[in-house]
>>> print(open('start.cif').read())   # mmCIF, C-alpha atoms
data_coords
loop_
_atom_site.label_atom_id
_atom_site.label_comp_id
_atom_site.auth_asym_id
_atom_site.auth_seq_id
_atom_site.Cartn_x
_atom_site.Cartn_y
_atom_site.Cartn_z
CA MET A 27 41.32 19.22 6.16
CA LYS A 28 38.32 21.52 5.94
CA THR A 29 36.99 19.64 2.94
CA ARG A 30 37.28 16.37 4.82
CA TYR A 31 35.29 17.69 7.76
CA SER A 32 32.65 19.05 5.41
CA ALA A 33 32.31 15.67 3.69
CA ILE A 34 31.95 13.90 7.03
CA LEU A 35 29.33 16.43 8.09
CA VAL A 36 27.31 15.96 4.89
CA LEU A 37 27.49 12.17 5.18
CA SER A 38 26.34 12.36 8.80
CA VAL A 39 23.35 14.49 7.85
CA ILE A 40 22.40 12.06 5.05
CA LEU A 41 22.69 9.13 7.46
CA LEU A 42 20.53 10.81 10.08
CA VAL A 43 17.87 11.78 7.56
CA SER A 44 17.75 8.29 6.01
CA LEU A 45 17.44 6.70 9.44
CA SER A 46 14.41 8.79 10.18
CA ILE A 47 12.53 7.46 7.14
CA PRO A 48 10.50 4.38 8.15
CA SER A 49 11.10 1.34 5.98
CA HIS A 50 7.51 0.04 6.40
CA SER A 51 4.97 2.80 6.42
CA HIS A 52 1.86 0.84 5.40
CA VAL A 53 -1.06 0.27 7.71
CA ASN A 54 -2.30 -3.28 7.33
CA THR A 55 -5.39 -5.02 8.62
CA THR A 56 -5.64 -8.81 8.47
CA LEU A 57 -8.92 -10.71 8.30
CA TYR A 58 -9.12 -14.48 8.58
CA GLY A 59 -11.24 -17.14 6.89
CA GLN A 60 -11.23 -20.76 7.90
CA ALA A 61 -12.68 -23.91 6.32
CA SER A 62 -12.96 -26.49 9.07
CA PRO A 63 -13.46 -29.28 8.54
CA ILE A 64 -13.29 -30.05 4.83
CA VAL A 65 -14.46 -33.64 4.63
CA THR A 66 -14.78 -36.36 2.04
CA GLU A 67 -18.06 -38.21 1.66
CA GLN A 68 -19.40 -41.07 -0.43
CA ALA A 69 -20.53 -39.90 -3.85
CA LYS A 70 -24.28 -39.40 -4.03
CA VAL A 71 -24.31 -39.64 -7.81
CA ILE A 72 -22.23 -42.38 -9.42
CA LEU A 73 -21.47 -43.60 -12.93
CA GLN A 74 -22.16 -47.14 -14.10
CA GLN A 75 -21.37 -49.14 -17.19
CA GLY A 76 -23.70 -48.63 -20.11
CA ALA A 77 -25.40 -51.25 -22.21
CA ASN A 78 -23.60 -50.29 -25.42
CA GLY A 79 -20.08 -49.40 -26.46
CA SER A 80 -17.28 -50.11 -24.06
CA SER A 81 -17.18 -48.13 -20.86
CA LEU A 82 -14.70 -48.27 -18.04
CA VAL A 83 -15.84 -46.85 -14.73
CA TYR A 84 -12.98 -46.04 -12.36
CA THR A 85 -12.65 -46.47 -8.59
CA ASN A 86 -15.31 -44.66 -6.57
CA SER A 87 -17.49 -44.58 -9.73
CA THR A 88 -16.86 -40.87 -10.13
CA SER A 89 -15.00 -40.94 -13.44
CA ALA A 90 -15.27 -42.99 -16.60
CA PHE A 91 -13.81 -43.73 -20.03
CA ILE A 92 -16.19 -44.54 -22.91
CA SER A 93 -15.08 -46.05 -26.18
CA VAL A 94 -17.14 -46.53 -29.35
CA THR A 95 -16.29 -47.34 -32.94
CA SER A 96 -17.75 -44.93 -35.41
CA PRO A 97 -19.30 -46.14 -38.65
CA LEU A 98 -18.08 -44.67 -41.95
CA ASP A 99 -20.91 -45.27 -44.36
CA GLN A 100 -23.91 -43.99 -42.43
CA PRO A 101 -24.71 -42.46 -39.02
CA GLN A 102 -25.36 -44.77 -36.10
CA ASP A 103 -26.82 -44.32 -32.62
CA PHE A 104 -25.20 -45.70 -29.46
CA ASP A 105 -27.83 -45.65 -26.75
CA ASP A 106 -26.85 -45.89 -23.10
CA VAL A 107 -23.07 -45.82 -23.26
CA LEU A 108 -23.00 -44.78 -19.58
CA GLY A 109 -25.45 -44.70 -16.69
CA ILE A 110 -25.78 -41.91 -14.13
CA VAL A 111 -27.25 -43.17 -10.87
CA ASN A 112 -28.67 -40.86 -8.23
CA GLN A 113 -28.23 -42.70 -4.93
CA ALA A 114 -29.67 -39.86 -2.88
CA SER A 115 -33.19 -38.85 -2.00
CA ASN A 116 -32.69 -35.33 -3.31
CA ASN A 117 -32.80 -33.98 -6.87
CA TRP A 118 -29.91 -32.65 -8.92
CA ARG A 119 -29.48 -30.76 -12.18
CA THR A 120 -26.99 -32.38 -14.55
CA SER A 121 -25.27 -31.34 -17.75
CA LEU A 122 -22.20 -32.21 -19.79
CA VAL A 123 -19.41 -29.72 -20.44
CA LEU A 124 -16.71 -30.25 -23.07
CA TYR A 125 -13.41 -28.79 -21.82
CA ASN A 126 -10.90 -30.29 -24.28
CA SER A 127 -10.77 -32.41 -27.43
CA SER A 128 -8.49 -33.79 -30.09
CA ASN A 129 -8.94 -34.84 -33.72
CA VAL A 130 -12.61 -33.95 -33.98
CA GLU A 131 -12.11 -32.85 -37.60
CA ARG A 132 -12.65 -36.43 -38.77
CA LEU A 133 -16.12 -36.61 -37.20
CA ILE A 134 -18.86 -35.84 -39.70
CA ASN A 135 -21.55 -35.89 -37.04
CA ALA A 136 -21.88 -36.68 -33.36
CA THR A 137 -24.33 -35.60 -30.70
CA ILE A 138 -23.97 -36.59 -27.06
CA ILE A 139 -27.24 -36.52 -25.21
CA LEU A 140 -28.49 -36.96 -21.66
CA GLN A 141 -31.60 -39.09 -21.36
CA ASN A 142 -33.71 -38.66 -18.26
CA GLY A 143 -37.05 -39.59 -19.80
CA SER A 144 -36.51 -37.01 -22.49
CA ASN A 145 -33.52 -36.38 -24.74
CA ASN A 146 -31.32 -33.37 -23.98
CA ASP A 147 -28.61 -32.44 -26.46
CA GLN A 148 -25.38 -31.64 -24.66
CA ILE A 149 -22.43 -31.69 -27.07
CA THR A 150 -22.72 -31.48 -30.84
CA ILE A 151 -20.16 -31.92 -33.60
CA ASP A 152 -21.13 -31.03 -37.15
CA ASN A 153 -18.78 -31.51 -40.12
CA GLY A 154 -15.72 -31.59 -37.90
CA ASN A 155 -16.70 -28.51 -35.90
CA ILE A 156 -17.85 -28.43 -32.31
CA THR A 157 -21.07 -26.44 -32.47
CA GLN A 158 -22.21 -27.01 -28.90
CA PHE A 159 -19.82 -27.28 -25.94
CA GLN A 160 -22.33 -27.48 -23.11
CA GLY A 161 -25.95 -28.47 -22.69
CA GLN A 162 -28.79 -27.14 -20.64
CA PRO A 163 -29.01 -28.71 -17.17
CA CYS A 164 -31.66 -31.37 -16.90
CA ASP A 165 -33.25 -32.98 -13.87
CA LEU A 166 -31.90 -36.06 -12.16
CA THR A 167 -34.59 -36.94 -9.67
CA ALA A 168 -34.23 -38.81 -6.40
CA ASN A 169 -32.98 -42.40 -6.78
CA ALA A 170 -33.37 -42.23 -10.58
CA THR A 171 -30.95 -43.27 -13.31
CA ALA A 172 -30.20 -41.21 -16.40
CA HIS A 173 -28.21 -42.31 -19.42
CA ILE A 174 -25.67 -40.84 -21.77
CA SER A 175 -26.05 -41.73 -25.44
CA ILE A 176 -24.19 -40.82 -28.60
CA VAL A 177 -26.46 -40.36 -31.60
CA ASN A 178 -25.97 -39.67 -35.26
CA LEU A 179 -22.32 -40.71 -35.06
CA GLN A 180 -20.35 -40.90 -38.30
CA ALA A 181 -16.63 -40.45 -39.03
CA ALA A 182 -14.74 -39.74 -42.21
CA ASP A 183 -12.03 -42.33 -41.57
CA ASN A 184 -11.27 -45.27 -39.34
CA GLN A 185 -7.51 -44.78 -39.21
CA THR A 186 -7.41 -42.37 -36.29
CA THR A 187 -9.11 -41.72 -32.95
CA SER A 188 -10.99 -38.71 -31.64
CA LEU A 189 -11.04 -37.82 -27.95
CA LEU A 190 -13.59 -35.68 -26.13
CA TYR A 191 -12.80 -34.65 -22.56
CA THR A 192 -15.90 -33.70 -20.62
CA TYR A 193 -17.21 -33.08 -17.15
CA LEU A 194 -20.57 -34.26 -15.94
CA ARG A 195 -21.73 -31.27 -13.92
CA ILE A 196 -23.99 -32.19 -11.00
CA LEU A 197 -25.60 -29.09 -9.63
CA THR A 198 -27.45 -28.68 -6.36
CA PRO A 199 -30.74 -27.08 -7.49
CA ASP A 200 -31.09 -23.32 -6.96
CA THR A 201 -27.43 -22.91 -5.97
CA SER A 202 -24.07 -22.51 -7.66
CA THR A 203 -22.58 -25.48 -5.82
CA TYR A 204 -21.75 -28.45 -8.00
CA ASP A 205 -19.54 -31.49 -8.55
CA LEU A 206 -17.59 -32.28 -11.69
CA LEU A 207 -17.12 -35.91 -12.72
CA ALA A 208 -14.58 -36.50 -15.49
CA ILE A 209 -15.82 -38.52 -18.49
CA THR A 210 -13.64 -39.15 -21.53
CA PHE A 211 -15.13 -40.25 -24.85
CA GLU A 212 -12.91 -42.15 -27.26
CA ILE A 213 -14.34 -42.42 -30.77
CA ARG A 214 -12.34 -44.84 -32.87
CA MET B 6 63.08 9.47 56.82
CA LYS B 7 60.04 9.30 54.68
CA PRO B 8 58.10 6.02 55.08
CA ARG B 9 58.24 3.80 52.01
CA PRO B 10 54.83 3.15 50.40
CA ASN B 11 53.55 -0.38 50.85
CA TYR B 12 53.04 -1.21 47.14
CA SER B 13 51.83 -4.68 47.86
CA LYS B 14 49.06 -3.33 50.05
CA ILE B 15 48.08 -0.71 47.48
CA ILE B 16 47.85 -3.34 44.72
CA ARG B 17 45.69 -5.63 46.86
CA LEU B 18 43.45 -2.74 47.78
CA THR B 19 43.10 -1.71 44.15
CA ILE B 20 42.19 -5.24 43.09
CA PHE B 21 39.63 -5.41 45.89
CA MET B 22 38.06 -2.08 44.92
CA SER B 23 37.97 -3.06 41.24
CA SER B 24 36.27 -6.34 42.09
CA THR B 25 33.73 -4.52 44.22
CA LEU B 26 32.98 -2.12 41.42
CA LEU B 27 32.55 -4.98 38.92
CA VAL B 28 30.17 -6.83 41.20
CA THR B 29 28.18 -3.65 41.75
CA LEU B 30 27.90 -2.93 38.02
CA ALA B 31 26.98 -6.50 37.18
CA SER B 32 24.19 -6.73 39.70
CA ALA B 33 22.72 -3.29 39.21
CA ALA B 34 21.77 -2.54 35.63
CA VAL B 35 20.97 1.05 34.82
CA TYR B 36 17.63 1.64 33.14
CA ASN B 37 16.21 4.50 31.24
CA TYR B 38 12.54 4.66 30.47
CA ILE B 39 11.09 6.46 27.49
CA TYR B 40 7.38 6.42 26.93
CA LEU B 41 5.04 5.88 23.99
CA GLN B 42 1.38 6.71 24.22
CA ALA B 43 -1.48 5.82 21.92
CA SER B 44 -4.47 7.83 22.96
CA PRO B 45 -7.20 7.26 22.17
CA LEU B 46 -7.18 3.75 20.68
CA SER B 47 -10.49 3.86 18.87
CA LEU B 48 -12.55 1.15 17.19
CA LYS B 49 -13.53 1.78 13.58
CA THR B 50 -15.99 -0.06 11.43
CA ALA B 51 -14.09 -2.17 8.92
CA LYS B 52 -14.40 -1.04 5.33
CA VAL B 53 -13.50 -4.39 3.80
CA VAL B 54 -15.57 -7.20 5.28
CA PHE B 55 -16.89 -10.68 4.57
CA ALA B 56 -20.56 -11.48 4.04
CA ASP B 57 -22.63 -14.53 3.10
CA GLY B 58 -22.43 -15.65 -0.51
CA THR B 59 -25.29 -17.32 -2.34
CA ASP B 60 -23.79 -20.74 -1.52
CA ALA B 61 -23.53 -19.98 2.18
CA ALA B 62 -25.99 -22.72 3.13
CA GLN B 63 -24.04 -25.36 1.18
CA ALA B 64 -20.63 -24.25 2.45
CA GLY B 65 -21.79 -23.70 6.03
CA THR B 66 -20.66 -20.10 5.92
CA ASN B 67 -20.61 -18.31 9.28
CA VAL B 68 -19.57 -14.69 9.17
CA GLY B 69 -18.34 -13.35 12.48
CA THR B 70 -19.54 -10.18 14.17
CA ASN B 71 -18.35 -7.11 12.26
CA GLY B 72 -17.65 -9.22 9.16
CA THR B 73 -13.96 -9.52 9.92
CA TYR B 74 -13.91 -13.30 10.17
CA VAL B 75 -15.59 -16.09 8.23
CA GLN B 76 -15.76 -19.81 8.85
CA PHE B 77 -16.96 -22.57 6.52
CA THR B 78 -18.16 -25.63 8.40
CA SER B 79 -19.84 -27.76 5.71
CA MET B 80 -17.36 -28.00 2.88
CA SER B 81 -17.01 -31.50 1.52
CA GLY B 82 -16.38 -33.43 -1.67
CA TRP B 83 -16.55 -36.83 -3.34
CA PRO B 84 -13.42 -38.90 -4.02
CA ASN B 85 -11.89 -38.25 -7.45
CA ALA B 86 -14.42 -35.51 -8.21
CA THR B 87 -14.21 -31.74 -8.04
CA ARG B 88 -16.55 -29.84 -5.70
CA ILE B 89 -17.09 -26.18 -6.48
CA TYR B 90 -18.73 -23.57 -4.27
CA GLU B 91 -18.91 -20.66 -6.68
CA ASN B 92 -20.11 -18.17 -4.10
CA ALA B 93 -19.16 -19.39 -0.63
CA THR B 94 -18.65 -15.87 0.70
CA VAL B 95 -18.24 -12.35 -0.65
CA ILE B 96 -15.76 -9.60 0.11
CA MET B 97 -17.30 -6.14 0.27
CA ASN B 98 -15.51 -2.80 0.08
CA SER B 99 -17.97 -0.34 1.60
CA ASP B 100 -15.74 2.71 1.18
CA SER B 101 -17.27 5.25 -1.19
CA ALA B 102 -13.99 6.31 -2.76
CA VAL B 103 -10.97 4.25 -1.77
CA ASP B 104 -9.83 1.05 -3.48
CA PHE B 105 -7.91 -1.29 -1.19
CA THR B 106 -5.05 -3.61 -2.08
CA CYS B 107 -5.56 -7.05 -0.59
CA GLU B 108 -3.27 -10.03 -0.29
CA LEU B 109 -4.73 -13.48 0.26
CA SER B 110 -2.43 -16.15 1.63
CA ARG B 111 -2.49 -19.50 3.39
CA ASP B 112 -2.10 -19.11 7.13
CA SER B 113 -2.31 -22.79 8.12
CA TRP B 114 -3.08 -26.10 6.45
CA THR B 115 -3.58 -29.23 8.55
CA GLY B 116 -5.22 -32.67 8.53
CA ASN B 117 -5.16 -35.24 5.71
CA THR B 118 -3.85 -32.71 3.23
CA GLY B 119 -2.14 -35.43 1.18
CA SER B 120 -5.58 -36.75 0.19
CA ILE B 121 -6.49 -33.48 -1.51
CA ASP B 122 -5.35 -33.14 -5.13
CA GLU B 123 -6.52 -29.56 -5.66
CA LEU B 124 -7.71 -26.73 -3.47
CA TYR B 125 -8.09 -23.37 -5.14
CA VAL B 126 -9.68 -20.20 -3.82
CA ARG B 127 -10.56 -17.71 -6.55
CA ILE B 128 -11.70 -14.12 -6.29
CA TYR B 129 -14.12 -12.83 -8.94
CA ASP B 130 -15.02 -9.19 -9.42
CA ASP B 131 -18.46 -7.70 -10.07
CA SER B 132 -18.31 -8.63 -13.75
CA GLY B 133 -17.29 -12.23 -13.10
CA THR B 134 -13.65 -11.73 -14.10
CA PRO B 135 -11.12 -13.64 -11.97
CA GLN B 136 -8.92 -11.22 -10.01
CA GLY B 137 -6.81 -13.68 -8.07
CA THR B 138 -6.25 -17.38 -7.48
CA LEU B 139 -4.79 -18.90 -4.36
CA ASP B 140 -3.39 -22.41 -4.77
CA VAL B 141 -3.74 -23.59 -1.19
CA LYS B 142 -1.69 -26.75 -1.75
CA ALA B 143 1.20 -24.77 -3.20
CA GLY B 144 0.85 -22.18 -0.45
CA ASN B 145 1.29 -19.23 -2.77
CA THR B 146 -0.09 -15.73 -2.33
CA THR B 147 -2.43 -13.74 -4.53
CA SER B 148 -2.99 -9.99 -4.61
CA PHE B 149 -5.87 -7.92 -5.91
CA THR B 150 -7.29 -4.45 -5.51
CA ILE B 151 -10.93 -4.36 -4.56
CA ILE B 152 -12.74 -1.39 -6.02
CA HIS B 153 -14.73 0.94 -3.76
CA THR B 154 -18.40 0.01 -3.24
CA GLU B 155 -17.94 -3.33 -5.04
CA VAL B 156 -18.84 -6.81 -3.81
CA TRP B 157 -16.61 -9.61 -5.02
CA ARG B 158 -17.37 -13.31 -4.71
CA VAL B 159 -15.04 -16.01 -3.42
CA GLU B 160 -15.07 -19.43 -5.08
CA TRP B 161 -13.71 -22.61 -3.46
CA ARG B 162 -12.69 -25.54 -5.66
CA ILE B 163 -11.81 -28.81 -3.89
CA LYS B 164 -10.73 -32.13 -5.35
CA TRP B 165 -10.17 -35.12 -3.10
CA ASN B 166 -8.05 -37.83 -4.73
CA ALA B 167 -9.31 -41.32 -5.64
CA ASN B 168 -7.73 -42.89 -2.55
CA ALA B 169 -9.27 -40.49 -0.03
CA LEU B 170 -10.93 -42.24 2.89
CA SER B 171 -14.31 -41.36 4.30
CA THR B 172 -12.56 -40.42 7.54
CA ASP B 173 -10.23 -37.93 5.87
CA THR B 174 -10.58 -34.30 6.91
CA ALA B 175 -8.55 -31.15 6.46
CA THR B 176 -8.57 -27.65 7.85
CA VAL B 177 -7.29 -24.56 6.12
CA THR B 178 -7.02 -21.01 7.45
CA LEU B 179 -6.50 -18.13 5.05
CA ALA B 180 -5.35 -14.60 5.86
CA LEU B 181 -6.63 -11.60 3.94
CA ARG B 182 -4.28 -8.64 4.47
CA ILE B 183 -5.76 -5.29 3.55
CA THR B 184 -3.36 -2.43 3.00
CA GLY B 185 -4.25 1.15 3.77
CA GLU B 186 -7.53 0.73 5.59
CA GLY B 187 -7.61 3.17 8.51
CA THR B 188 -5.05 5.61 7.13
CA SER B 189 -7.56 8.17 5.83
CA GLU B 190 -9.96 8.25 8.78
#
>>> encode(input="start.cif", output="structure tokens")
Amino acid sequence: MKTRYSAILVLSVILLVSLSIPSHSHVNTTLYGQASPIVTEQAKVILQQGANGSSLVYTNSTSAFISVTSPLDQPQDFDDVLGIVNQASNNWRTSLVLYNSSNVERLINATIILQNGSNNDQITIDNGNITQFQGQPCDLTANATAHISIVNLQAADNQTTSLLYTYLRILTPDTSTYDLLAITFEIR
Amino acid sequence: MKPRPNYSKIIRLTIFMSSTLLVTLASAAVYNYIYLQASPLSLKTAKVVFADGTDAAQAGTNVGTNGTYVQFTSMSGWPNATRIYENATVIMNSDSAVDFTCELSRDSWTGNTGSIDELYVRIYDDSGTPQGTLDVKAGNTTSFTIIHTEVWRVEWRIKWNANALSTDTATVTLALRITGEGTSE
């Protein structure tokens, strides 16, 4: 009987002690941030079909698919495979960024350039290796049109297809605010 | 001869008294007051606060008094393109010694949210390393520990889908919960 009372007493003490320990003892402070409103607006820079190759510009003109057939025997240039039109009265800084690719090993040479009055190398493939993933930003002035070209293109075979997944980066000058337009290059 | 008790009367009286007692108890609750006092309730300067980022002008960043609230009034995007504000605001830990654990979560999310394909808020530390990503659409939560004296930038990444209309708008409110601030003062 004495043992039983002792056990009950011990259990009671444990219960009382455990009840006194707070289950949430942290002090929290909550700050709030709100984005209101987030709006959609008409694109100020759009893509348009180029004069060479085969380009498909999608709805809203903010993404495109470019297809060219690579020569085997000697390098060839494909000027103006896609146009970049600035519809706004302000300037931008543009560049191309390669974020994914497939089967580039078959490409002996390829250089994708941005032409805005001068040629700016953006993405370079040399002997099946990507040697440049991103180019220096170049100016896209108010209401001007720049062009994307593929130069020095040559492949080792014509049995397969290479794909280059890129973003056209359109930067507001002197900021780190930019838009990314998806452009896919198919090299047959 | 001893008079016989009137049991019927006693029972009726008992029932009446019991009913009276019940009515009294039901209509007159008994209260006990115990008191809690917080004295003084003082105002402290927040250690973890918001401040303008380098893209504040583009994002329409408005930091509230004391840096404990921030609003972005100019965020936008083009259909089927991704808009990135790399430095819309910064989070500063002004404490000289204490690192604070923070939890960023979505508090509310309204408007034409179905027209937004992606909305990510990323926290980058002093060295440019991502320390947390909040997927606003998914409504998840991200945690990070901001180091004392450091200033971390907050990036917003928004992608409206191809079918978004020019009239589409959305509003998102995020909560940043800071654990431990105020405990060592």
>>> resolve_selection(input="start.cif", expression="the PyMOL selection byres ((chain A) within 6 of (chain B))", output="ChimeraX atom specification")
/A:53-69,202-207
>>> resolve_selection(input="start.cif", expression="the PyMOL selection byres ((chain A and resi 155-161) around 8)", output="list in words")
Ser121, Leu122, Val123, Leu124, Tyr125, Val130, Glu131, Asn146, Asp147, Gln148, Ile149, Thr150, Ile151, Asp152, Asn153, Gly154, Gln162 and Pro163 of chain A
>>> resolve_selection(input="start.cif", expression="the PyMOL selection byres ((chain A and resi 89) around 9)", output="PyMOL selection string")
(chain A and resi 72-73+82-88+90-91+193+207-210) or (chain B and resi 85-86)
>>> atom_distance(input="start.cif", atom1="CA of Ile110 in chain A", atom2="CA of Val71 in chain A")
6.9 Å
>>> atom_distance(input="start.cif", atom1="CA of Asn142 in chain A", atom2="CA of Leu98 in chain A")
29.0 Å
>>> closest_residue(input="start.cif", among="A:Thr29, A:Thr171, A:Ser188, A:Asn78", to="Gly143 in chain A", atoms="only C-alpha atoms")
A:Thr171
>>> atom_distance(input="start.cif", atom1="CA of Ala181 in chain A", atom2="CA of Gln75 in chain A")
24.0 Å
>>> closest_residue(input="start.cif", among="A:Gln102, A:Thr95, A:Thr198, A:Ser32", to="Phe211 in chain A", atoms="all atoms listed in the file")
A:Thr95
>>> build_atoms(input="start.cif", residues="range 93-121 of chain B", atoms="N, CA and C atoms", output="mmCIF file, in the coordinates of the input")
data_model
loop_
_atom_site.group_PDB
_atom_site.id
_atom_site.type_symbol
_atom_site.label_atom_id
_atom_site.label_comp_id
_atom_site.auth_asym_id
_atom_site.auth_seq_id
_atom_site.Cartn_x
_atom_site.Cartn_y
_atom_site.Cartn_z
ATOM 1 N N ALA B 93 -19.130 -18.984 -2.035
ATOM 2 C CA ALA B 93 -19.160 -19.390 -0.630
ATOM 3 C C ALA B 93 -19.256 -18.186 0.299
ATOM 4 N N THR B 94 -18.573 -17.119 -0.063
ATOM 5 C CA THR B 94 -18.650 -15.870 0.700
ATOM 6 C C THR B 94 -18.358 -14.728 -0.274
ATOM 7 N N VAL B 95 -18.612 -13.515 0.167
ATOM 8 C CA VAL B 95 -18.240 -12.350 -0.650
ATOM 9 C C VAL B 95 -17.371 -11.418 0.189
ATOM 10 N N ILE B 96 -16.571 -10.632 -0.533
ATOM 11 C CA ILE B 96 -15.760 -9.600 0.110
ATOM 12 C C ILE B 96 -16.322 -8.263 -0.357
ATOM 13 N N MET B 97 -16.681 -7.430 0.605
ATOM 14 C CA MET B 97 -17.300 -6.140 0.270
ATOM 15 C C MET B 97 -16.367 -4.994 0.653
ATOM 16 N N ASN B 98 -16.225 -4.037 -0.240
ATOM 17 C CA ASN B 98 -15.510 -2.800 0.080
ATOM 18 C C ASN B 98 -16.571 -1.695 0.187
ATOM 19 N N SER B 99 -16.884 -1.304 1.405
ATOM 20 C CA SER B 99 -17.970 -0.340 1.600
ATOM 21 C C SER B 99 -17.509 1.109 1.501
ATOM 22 N N ASP B 100 -16.205 1.327 1.283
ATOM 23 C CA ASP B 100 -15.740 2.710 1.180
ATOM 24 C C ASP B 100 -16.286 3.332 -0.117
ATOM 25 N N SER B 101 -16.648 4.600 -0.033
ATOM 26 C CA SER B 101 -17.270 5.250 -1.190
ATOM 27 C C SER B 101 -16.248 5.752 -2.202
ATOM 28 N N ALA B 102 -14.968 5.746 -1.838
ATOM 29 C CA ALA B 102 -13.990 6.310 -2.760
ATOM 30 C C ALA B 102 -12.668 5.560 -2.857
ATOM 31 N N VAL B 103 -12.318 4.822 -1.830
ATOM 32 C CA VAL B 103 -10.970 4.250 -1.770
ATOM 33 C C VAL B 103 -10.971 2.779 -2.207
ATOM 34 N N ASP B 104 -10.050 2.447 -3.103
ATOM 35 C CA ASP B 104 -9.830 1.050 -3.480
ATOM 36 C C ASP B 104 -8.737 0.494 -2.553
ATOM 37 N N PHE B 105 -8.885 -0.719 -2.120
ATOM 38 C CA PHE B 105 -7.910 -1.290 -1.190
ATOM 39 C C PHE B 105 -7.171 -2.467 -1.831
ATOM 40 N N THR B 106 -5.862 -2.487 -1.616
ATOM 41 C CA THR B 106 -5.050 -3.610 -2.080
ATOM 42 C C THR B 106 -5.110 -4.712 -1.034
ATOM 43 N N CYS B 107 -5.430 -5.906 -1.503
ATOM 44 C CA CYS B 107 -5.560 -7.050 -0.590
ATOM 45 C C CYS B 107 -4.591 -8.149 -1.007
ATOM 46 N N GLU B 108 -4.146 -8.891 -0.014
ATOM 47 C CA GLU B 108 -3.270 -10.030 -0.290
ATOM 48 C C GLU B 108 -3.836 -11.228 0.445
ATOM 49 N N LEU B 109 -4.158 -12.262 -0.326
ATOM 50 C CA LEU B 109 -4.730 -13.480 0.260
ATOM 51 C C LEU B 109 -3.643 -14.544 0.317
ATOM 52 N N SER B 110 -3.480 -15.141 1.487
ATOM 53 C CA SER B 110 -2.430 -16.150 1.630
ATOM 54 C C SER B 110 -2.900 -17.266 2.563
ATOM 55 N N ARG B 111 -2.192 -18.372 2.497
ATOM 56 C CA ARG B 111 -2.490 -19.500 3.390
ATOM 57 C C ARG B 111 -1.834 -19.252 4.740
ATOM 58 N N ASP B 112 -2.640 -19.323 5.789
ATOM 59 C CA ASP B 112 -2.100 -19.110 7.130
ATOM 60 C C ASP B 112 -1.737 -20.457 7.764
ATOM 61 N N SER B 113 -2.631 -21.443 7.622
ATOM 62 C CA SER B 113 -2.310 -22.790 8.120
ATOM 63 C C SER B 113 -3.057 -23.825 7.289
ATOM 64 N N TRP B 114 -2.600 -25.056 7.353
ATOM 65 C CA TRP B 114 -3.080 -26.100 6.450
ATOM 66 C C TRP B 114 -2.782 -27.408 7.138
ATOM 67 N N THR B 115 -3.818 -28.046 7.723
ATOM 68 C CA THR B 115 -3.580 -29.230 8.550
ATOM 69 C C THR B 115 -4.570 -30.344 8.200
ATOM 70 N N GLY B 116 -4.340 -31.524 8.757
ATOM 71 C CA GLY B 116 -5.220 -32.670 8.530
ATOM 72 C C GLY B 116 -4.669 -33.576 7.444
ATOM 73 N N ASN B 117 -5.574 -34.300 6.757
ATOM 74 C CA ASN B 117 -5.160 -35.240 5.710
ATOM 75 C C ASN B 117 -4.967 -34.499 4.389
ATOM 76 N N THR B 118 -4.060 -33.571 4.402
ATOM 77 C CA THR B 118 -3.850 -32.710 3.230
ATOM 78 C C THR B 118 -3.326 -33.485 2.026
ATOM 79 N N GLY B 119 -2.665 -34.618 2.288
ATOM 80 C CA GLY B 119 -2.140 -35.430 1.180
ATOM 81 C C GLY B 119 -3.247 -36.073 0.367
ATOM 82 N N SER B 120 -4.450 -36.144 0.911
ATOM 83 C CA SER B 120 -5.580 -36.750 0.190
ATOM 84 C C SER B 120 -6.297 -35.738 -0.709
ATOM 85 N N ILE B 121 -5.871 -34.513 -0.664
ATOM 86 C CA ILE B 121 -6.490 -33.480 -1.510
ATOM 87 C C ILE B 121 -5.577 -33.200 -2.705
#
